[in-house]
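See below for the structure under consideration.
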Amino acid sequence: MSTDITRVLVRDSSSVEPWMSGSHTDVPAVGRAVLHALELALDDLTKWTAGLTDAEVHLRPLELPSVAFHLKHIARSVDRILSYAEGGQLSAEQLTALKAEQVGDESLAALLAEVEASFSNAAERVRVLAAADFETFRGIGRKQLPASLGGALIHVADHTQRHVGQVVTTAKVLVALRG
């Protein structure tokens with residue numbers, strides 16, 4: 001497990017956000033920003049899901065997608081997007097995991113561990129990709145939709161943060177519905 005990504009779990013909440021921490025200075029700016037986004041995501045996910053029960057994370061309050069769905073989707077989509085960034089296509093295993101994001105009864109701890117493992121794996125991959133030419137063409141999906149390596153890297157960060165925001169909102173709704 002990458003110590004840089006794991007560090008965020010023990011970071012004092014009064015500390016500055018990762019992008020202002022001076023970390024990852026050995027990584028070019030775009031890759032560094034992606035690493036910082038993943039660190040902030042893990043920090044926020046840990047903070048905002050604290051206190052939720054294992055049952056609550058699988059609920060769909062007000063017909064919102066569950067926290068469990070978002071946690072699985074975050075972990076697995078990072079892997080999928082990085083596969084595209086690396087010039088590959090999705091494996092049968094990745095496609096099976098994608099189809100299973102809506103189901104399951106995993107504990108919150110197991111879901112957060114999946115996210116943490118995904119981010120740790122992603123950190124190593126981002127470090128390698130950060131040194132490449134960001135304009136390199138990357139075909140996305142079976143249709144080979146046009147994208148670039150840089151676009152895929154940035155999408156890792158923005159897609160992750162979008163779903164983190166949805167976790168925060170859903171967690172707040174769950175707490176409010178407790179009465």
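Chain labels A, B, ... are given in the sequence in which chains occur in the structure tokens; within each chain residues are numbered consecutively from 1, and ligands are likewise numbered from 1 in the order shown.
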Pick out the residues sitting within 12 Å of Gly88 (chain A), and hand them over as a list in words; count only C-alpha atoms, and ignore anything fewer than 5 positions along from it in its own chain.
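After dropping sequence-adjacent residues, the list is Asp79, Arg80, Ile81, Leu82, Ser83, Gln94, Phe137, Arg138, Gly139, Ile140, Gly141, Arg142, Gln144, Leu149 and Ala152 of chain A.
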Per DSSP on the backbone, filter region 42-153 of chain A down to the residues in strand (DSSP E) and report them as a list in words.
Phe137, Arg138, Gly139, Ile140, Leu145, Pro146, Ala147 and Ser148 of chain A
Selection to disk with N, CA and C atoms, as a compact mmCIF listing (two decimals), in the first residue's frame:
```txt
# COMPACT_ATOMS: atom_id res chain seq x y z
N PHE A 137 -3.28 9.94 -28.08
CA PHE A 137 -4.66 9.50 -28.30
C PHE A 137 -4.96 8.27 -27.45
N ARG A 138 -6.15 8.27 -26.89
CA ARG A 138 -6.67 7.11 -26.18
C ARG A 138 -8.10 6.88 -26.64
N GLY A 139 -8.38 5.67 -27.16
CA GLY A 139 -9.73 5.31 -27.57
C GLY A 139 -10.47 4.71 -26.39
N ILE A 140 -11.66 5.23 -26.14
CA ILE A 140 -12.43 4.81 -24.96
C ILE A 140 -13.56 3.88 -25.39
N LEU A 145 -14.14 5.95 -28.59
CA LEU A 145 -14.43 7.38 -28.55
C LEU A 145 -13.12 8.13 -28.30
N PRO A 146 -12.93 9.26 -28.97
CA PRO A 146 -11.64 9.95 -28.91
C PRO A 146 -11.41 10.66 -27.58
N ALA A 147 -10.26 10.40 -27.02
CA ALA A 147 -9.82 11.07 -25.80
C ALA A 147 -8.30 11.14 -25.86
N SER A 148 -7.73 11.70 -24.82
CA SER A 148 -6.27 11.76 -24.72
C SER A 148 -5.84 11.17 -23.39
```
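Near region 167-176 of chain A, within a cut-off of 9 Å and counting only C-alpha atoms, sit the residues Asp44, Leu45, Trp48, Thr49, Gly51, Leu52, Glu56, Val57, Leu59, Arg60, Pro61, Leu62, Leu64, Pro65, Ser66, Val67, Ala68, His70, Leu71, Arg162, His163, Val164, Gly165, Arg178 and Gly179 of chain A, with same-chain residues fewer than 2 positions away left out.
Take CA of Ala117 (chain A) and CA of Leu95 (chain A): the distance between them is 18.5 Å.
Using only C-alpha atoms, the nearest neighbour of Ala110 (chain A) within the list A:His24, A:His155, A:Lys72, A:Arg125 is A:Lys72.
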Please compute the CA of Ser120 (chain A)-CA of Glu135 (chain A) distance, one decimal, in Å.
25.2 Å
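Distances here use only C-alpha atoms; by that measure, the residue among A:Ser77, A:Thr136, A:Gln89, A:Ser21 closest to Thr160 (chain A) is A:Ser77.
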So, counting only C-alpha atoms, which residue among A:Gly151, A:Gly22, A:Val27, A:Val16 is closest to Val128 (chain A)?
A:Val27
Restricting the calculation to only C-alpha atoms, which member of A:Ala109, A:Ala123, A:Leu90, A:Leu98 is positioned closest to Leu153 (chain A)?
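The closest residue to Leu153 (chain A) is A:Ala123.
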Among chain A, which residues carry a DSSP assignment of helix (DSSP H, G or I), reported as a VMD selection string?
chain A and resid 3 to 10 18 to 20 29 to 49 56 to 58 61 to 63 67 to 85 92 to 99 108 to 129 149 to 176
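Put simply, CA of Ala75 (chain A) is 8.9 Å away from CA of Leu112 (chain A).
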